[in-house]
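*Asks:* Dropping a structure here in C-alpha cells format, bear with me for questions.
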Number of protein chains: 2
Amino acid sequence: MQARVLSAVISQSAAPLSIHELLEAAKTEVPGLGIATVYRNIARMIAAGEINAVVIPGQPPRYERAGKPHHHYFYCEHCGRVFDLPGCVNGLRQMVPEGFRAIRHDLTIYGACRNCESHPVAHL
Amino acid sequence: MQARVLSAVISQSAAPLSIHELLEAAKTEVPGLGIATVYRNIARMIAAGEINAVVIPGQPPRYERAGKPHHHYFYCEHCGRVFDLPGCVNGLRQMVPEGFRAIRHDLTIYGACRNCESHPVAHL
DNA sequence: ATTAGAATGATAAATTACTATCATGATCAG
DNA sequence: CTGATCATGATAGTAATTTATCATTCTAAT
C-alpha cells in the first residue's frame, strides 16, 4: 500500500519534501509509483491533518509531518534543500499595526547550508 | 505612454501590487491597456532596478518600488491585500545553525487587516 | 474462487503565469 | 509629409503544476 510508504517517507524526513522529492524517495520502495498517487495521498493526508504544506516563495509546495513544535525554514540557494530551524524570533508583536490581528507567520532565511558553505559548488 | 503610468501607479501604492492589480489600477488612466504591456514594463523596471518582486507564499508575485528601507509584509486573509510592515524582528541570528550562512530573509504575517477586523466579511 | 469496491498508474485535460509573435498605431528625425 | 523604428494590444504558445478520467489491478469479504 503506497499510502503507508508515502506517510513513512514524510514522517522520517528531516526536511519538508516536494511532490517530486517525495515521488523519487518513495520509488525506492514502490518502483512503479505514479505521480497521481502521490498527489492523491498528499491531498488525503492534508485533509486528515497528518501533514502540512510548506511554501518557500517561488517554489513548489513541500510537505512535512504535522504537529511539530513551532519552527521556520532555511532555504539553501546552492543545493535547493530546505532545513528546519527550531524556535522563533522576538518582536513579532511589535510589527503588527494597531487594529490588525495576526494569526500566524512564515519566516524563511535564505543562504548557504553548512555543506554548500564548506564545499562550494555552482548555483542551481 | 504606459510606462509612465505603470511606474506612477507602483510608486504611489502603499502596498505591493500583482500584475492584475496593477493592470486594473492603470486601466483607470489607460483604458485599453493590455496585460502584455504590463508584463513588458514590469520586466524592464526590474531589470533597471526600479522595482522589486515581493512573493507571498502561494500567491502570484507582487511588485513595489525599490529602495524602501528594510520591511516585511502582512497578508490579510479576508481581503487578500498586502501591507508593508516597517522594521524587523530580533533574534534572527540565533536561528541560523552553526556553519550556515544567512544572506537574506522573508517574513510574512497573516491575519486580518484593520478594515476586515472591524467590518467582517466573508473570506475570499 | 468470486465478486464488489477501492486504489493505482498512465495520461489527458485544466489551470495559472508568463513569453513570443505579429499586425497596427504612435513617435520622431529629417 | 515620409519613412524608419519602436511601443502597444491581442492572442497564440509555452511551461509547470495540479486535477480528471479510465482501464487495470489489488483487496477483502464471502
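Simple scheme: letters A, B, ... for chains in C-alpha cells order, numbers from 1 for residues in each chain, numbers from 1 for ligands in the order shown.
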Neighbours of Ile42 in chain A within 9 Å (only C-alpha atoms (C1' of nucleotides); same-chain residues fewer than 3 positions away dropped), as a PyMOL selection string?
*Replies:* chain A and resi 3+6-7+19+37-39+45-47+51+63
*Asks:* Can I get the selection written as a short mmCIF file (atom, residue, chain, number, x, y, z; two decimals), in the first residue's frame, with C-alpha atoms?
*Replies:*
data_model
loop_
_atom_site.label_atom_id
_atom_site.label_comp_id
_atom_site.auth_asym_id
_atom_site.auth_seq_id
_atom_site.Cartn_x
_atom_site.Cartn_y
_atom_site.Cartn_z
CA ALA A 3 -0.24 5.43 1.37
CA LEU A 6 4.34 7.92 1.46
CA SER A 7 3.36 8.61 5.04
CA ILE A 19 5.90 16.22 -4.68
CA THR A 37 -0.98 8.56 -6.37
CA VAL A 38 1.39 10.98 -4.67
CA TYR A 39 -0.98 13.88 -5.29
CA MET A 45 -3.15 13.46 4.40
CA ILE A 46 -3.63 17.22 4.39
CA ALA A 47 -7.39 16.79 4.78
CA ILE A 51 0.81 16.74 7.18
CA TYR A 63 5.08 18.76 2.85
#
*Asks:* Residues within 8 Å of range 53-59 of chain A, please, as a VMD selection string. Count only C-alpha atoms (C1' of nucleotides); anything in the same chain fewer than 6 positions from it doesn't count.
*Replies:* (chain A and resid 16 46 75 108) or (chain B and resid 55 to 58)
*Asks:* Please, could you write that set of residues out with C-alpha atoms as a CSV table (one decimal), in the first residue's frame?
*Replies:*
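Writing the result to part12.csv gives the following:
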chain,number,residue,atom,x,y,z
A,16,PRO,CA,9.8,19.0,4.1
A,46,ILE,CA,-3.6,17.2,4.4
A,75,TYR,CA,16.5,27.5,2.1
A,108,THR,CA,12.3,31.9,5.6
B,55,VAL,CA,6.3,37.0,-3.2
B,56,ILE,CA,3.8,35.9,-0.6
B,57,PRO,CA,3.9,32.1,-0.5
B,58,GLY,CA,1.2,30.6,-2.6
*Asks:* Find the spatial neighbours of DT24 in chain D, counting only C-alpha atoms (C1' of nucleotides), within a cut-off of 12 Å - ignore same-chain residues fewer than 4 positions away - and output them as a PDB file with N, CA, C and O atoms (P, O5', C5', C4', C3', O3' and C1' of nucleotides), in the first residue's frame.
*Replies:*
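For reference, out-v6.pdb as written:
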ATOM      1  P    DA C   7      -9.578   3.723  -1.338  1.00  0.00           P
ATOM      2  O5'  DA C   7      -8.382   3.185  -2.245  1.00  0.00           O
ATOM      3  C5'  DA C   7      -7.726   1.976  -1.876  1.00  0.00           C
ATOM      4  C4'  DA C   7      -6.625   1.700  -2.871  1.00  0.00           C
ATOM      5  C3'  DA C   7      -5.733   2.894  -3.186  1.00  0.00           C
ATOM      6  O3'  DA C   7      -4.390   2.431  -3.177  1.00  0.00           O
ATOM      7  C1'  DA C   7      -6.687   2.044  -5.190  1.00  0.00           C
ATOM      8  P    DT C   8      -3.173   3.410  -3.430  1.00  0.00           P
ATOM      9  O5'  DT C   8      -2.893   3.131  -4.958  1.00  0.00           O
ATOM     10  C5'  DT C   8      -2.561   1.801  -5.362  1.00  0.00           C
ATOM     11  C4'  DT C   8      -2.345   1.751  -6.858  1.00  0.00           C
ATOM     12  C3'  DT C   8      -1.413   2.836  -7.398  1.00  0.00           C
ATOM     13  O3'  DT C   8      -0.292   2.203  -7.986  1.00  0.00           O
ATOM     14  C1'  DT C   8      -3.380   2.591  -8.737  1.00  0.00           C
ATOM     15  P    DG C   9       1.009   3.077  -8.278  1.00  0.00           P
ATOM     16  O5'  DG C   9       0.861   3.266  -9.839  1.00  0.00           O
ATOM     17  C5'  DG C   9       0.811   2.105 -10.668  1.00  0.00           C
ATOM     18  C4'  DG C   9       0.609   2.511 -12.112  1.00  0.00           C
ATOM     19  C3'  DG C   9       1.523   3.637 -12.602  1.00  0.00           C
ATOM     20  O3'  DG C   9       1.895   3.313 -13.932  1.00  0.00           O
ATOM     21  C1'  DG C   9      -0.749   4.285 -12.878  1.00  0.00           C
ATOM     22  P    DA C  10       2.978   4.097 -14.722  1.00  0.00           P
ATOM     23  O5'  DA C  10       2.105   4.637 -15.941  1.00  0.00           O
ATOM     24  C5'  DA C  10       1.335   3.705 -16.704  1.00  0.00           C
ATOM     25  C4'  DA C  10       0.473   4.464 -17.693  1.00  0.00           C
ATOM     26  C3'  DA C  10       1.179   5.636 -18.385  1.00  0.00           C
ATOM     27  O3'  DA C  10       0.909   5.586 -19.774  1.00  0.00           O
ATOM     28  C1'  DA C  10      -0.811   6.381 -17.330  1.00  0.00           C
TER      29       DA C  10
END
*Asks:* According to DSSP computed on the backbone, where in chain A is there strand (DSSP E or B)? Give the residues as a VMD selection string.
*Replies:* chain A and resid 17 to 18 51 to 54 62 to 65 71 to 76 82 to 86 90 101 to 112
*Asks:* Set the distance at 10 Å and use only C-alpha atoms (C1' of nucleotides): which residues neighbour range 12-27 of chain C once local chain neighbours fewer than 5 positions away are removed? I'd like the list as a ChimeraX atom specification.
*Replies:* /B:1,19,36,39-40,60-61 /D:5-21
*Asks:* May I have the residues from that selection written out with C-alpha atoms (C1' of nucleotides), as a PDB file, in the first residue's frame?
*Replies:*
ATOM      1  CA  MET B   1       2.944  56.470 -22.601  1.00  0.00           C
ATOM      2  CA  ILE B  19       0.198  42.047 -12.298  1.00  0.00           C
ATOM      3  CA  ALA B  36       1.389  42.153 -22.277  1.00  0.00           C
ATOM      4  CA  TYR B  39       4.465  42.274 -18.165  1.00  0.00           C
ATOM      5  CA  ARG B  40       6.881  44.036 -20.518  1.00  0.00           C
ATOM      6  CA  PRO B  60       1.490  35.397  -7.671  1.00  0.00           C
ATOM      7  CA  PRO B  61       4.323  37.918  -7.356  1.00  0.00           C
TER       8      PRO B  61
ATOM      9  C1'  DT D   5      11.645  52.455 -35.629  1.00  0.00           C
ATOM     10  C1'  DC D   6       9.630  51.458 -31.578  1.00  0.00           C
ATOM     11  C1'  DA D   7       5.669  50.543 -28.373  1.00  0.00           C
ATOM     12  C1'  DT D   8       1.294  48.523 -27.983  1.00  0.00           C
ATOM     13  C1'  DG D   9      -2.652  45.176 -27.647  1.00  0.00           C
ATOM     14  C1'  DA D  10      -4.487  40.833 -28.947  1.00  0.00           C
ATOM     15  C1'  DT D  11      -3.694  36.386 -28.861  1.00  0.00           C
ATOM     16  C1'  DA D  12      -1.226  32.062 -29.555  1.00  0.00           C
ATOM     17  C1'  DG D  13       2.083  29.382 -27.448  1.00  0.00           C
ATOM     18  C1'  DT D  14       4.855  27.573 -23.535  1.00  0.00           C
ATOM     19  C1'  DA D  15       5.938  25.776 -19.057  1.00  0.00           C
ATOM     20  C1'  DA D  16       4.865  23.994 -14.623  1.00  0.00           C
ATOM     21  C1'  DT D  17       1.683  22.188 -11.502  1.00  0.00           C
ATOM     22  C1'  DT D  18      -2.478  20.036 -10.379  1.00  0.00           C
ATOM     23  C1'  DT D  19      -6.827  17.553 -11.381  1.00  0.00           C
ATOM     24  C1'  DA D  20      -9.806  14.401 -14.048  1.00  0.00           C
ATOM     25  C1'  DT D  21     -10.513  10.236 -16.485  1.00  0.00           C
TER      26       DT D  21
END
*Asks:* Which of these, A:Ala48, A:Leu92, A:Ile35, A:Ile109, has the shortest distance to Phe74 in chain A once you count only C-alpha atoms?
*Replies:*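 Counting only C-alpha atoms, the residue closest to Phe74 in chain A is A:Ile109.
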*Asks:* Please provide as a PyMOL selection string all residues within 9 Å of Val9 in chain B, with the sequence filter that same-chain residues fewer than 6 positions apart are discarded (counting only C-alpha atoms (C1' of nucleotides)).
*Replies:* chain B and resi 22+25-26
*Asks:* May I have all residues of chain B that DSSP, computed from the backbone, assigns to helix (DSSP H, G or I), given as a ChimeraX atom specification?
*Replies:* /B:2-12,19-27,35-47,92-95,114-118
*Asks:* Quick one: pull the distance between CA of Arg44 in chain B and CA of Glu21 in chain B, Å, one decimal.
*Replies:* 18.1 Å
*Asks:* Hey, what's within 12 Å of DG5 in chain C if we count only C-alpha atoms (C1' of nucleotides) and toss same-chain stuff fewer than 5 positions away? As a list in words, please?
*Replies:*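 My list of contacting residues is DC26, DT27, DA28 and DA29 of chain D.
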*Asks:* Quick check, in Å to one decimal: how far apart do CA of Ser13 in chain B and CA of Ile103 in chain B lie?
*Replies:*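 Separation of CA of Ser13 in chain B and CA of Ile103 in chain B: 27.7 Å.
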*Asks:* Show me, as a PyMOL selection string, the residues of chain A whose atoms get within 9 Å of chain B, using only C-alpha atoms for the distance check.
*Replies:* chain A and resi 54-61+72+74+76+85-92+94-118
*Asks:* How far is it from CA of Glu64 in chain A to CA of His119 in chain A, in Å with one decimal?
*Replies:*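 Going from CA of Glu64 in chain A over to CA of His119 in chain A, I get 27.5 Å.
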*Asks:* Between A:Arg4, A:Arg65, A:Arg81, A:His20, which one has atoms that come closest to chain D, using only C-alpha atoms (C1' of nucleotides)?
*Replies:*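 That would be A:His20, the residue with the smallest distance to chain D.
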*Asks:* Between A:Pro69, A:Gly80, A:Gln2, A:Lys27, single out the one closest to chain D, counting only C-alpha atoms (C1' of nucleotides).
*Replies:* A:Gln2
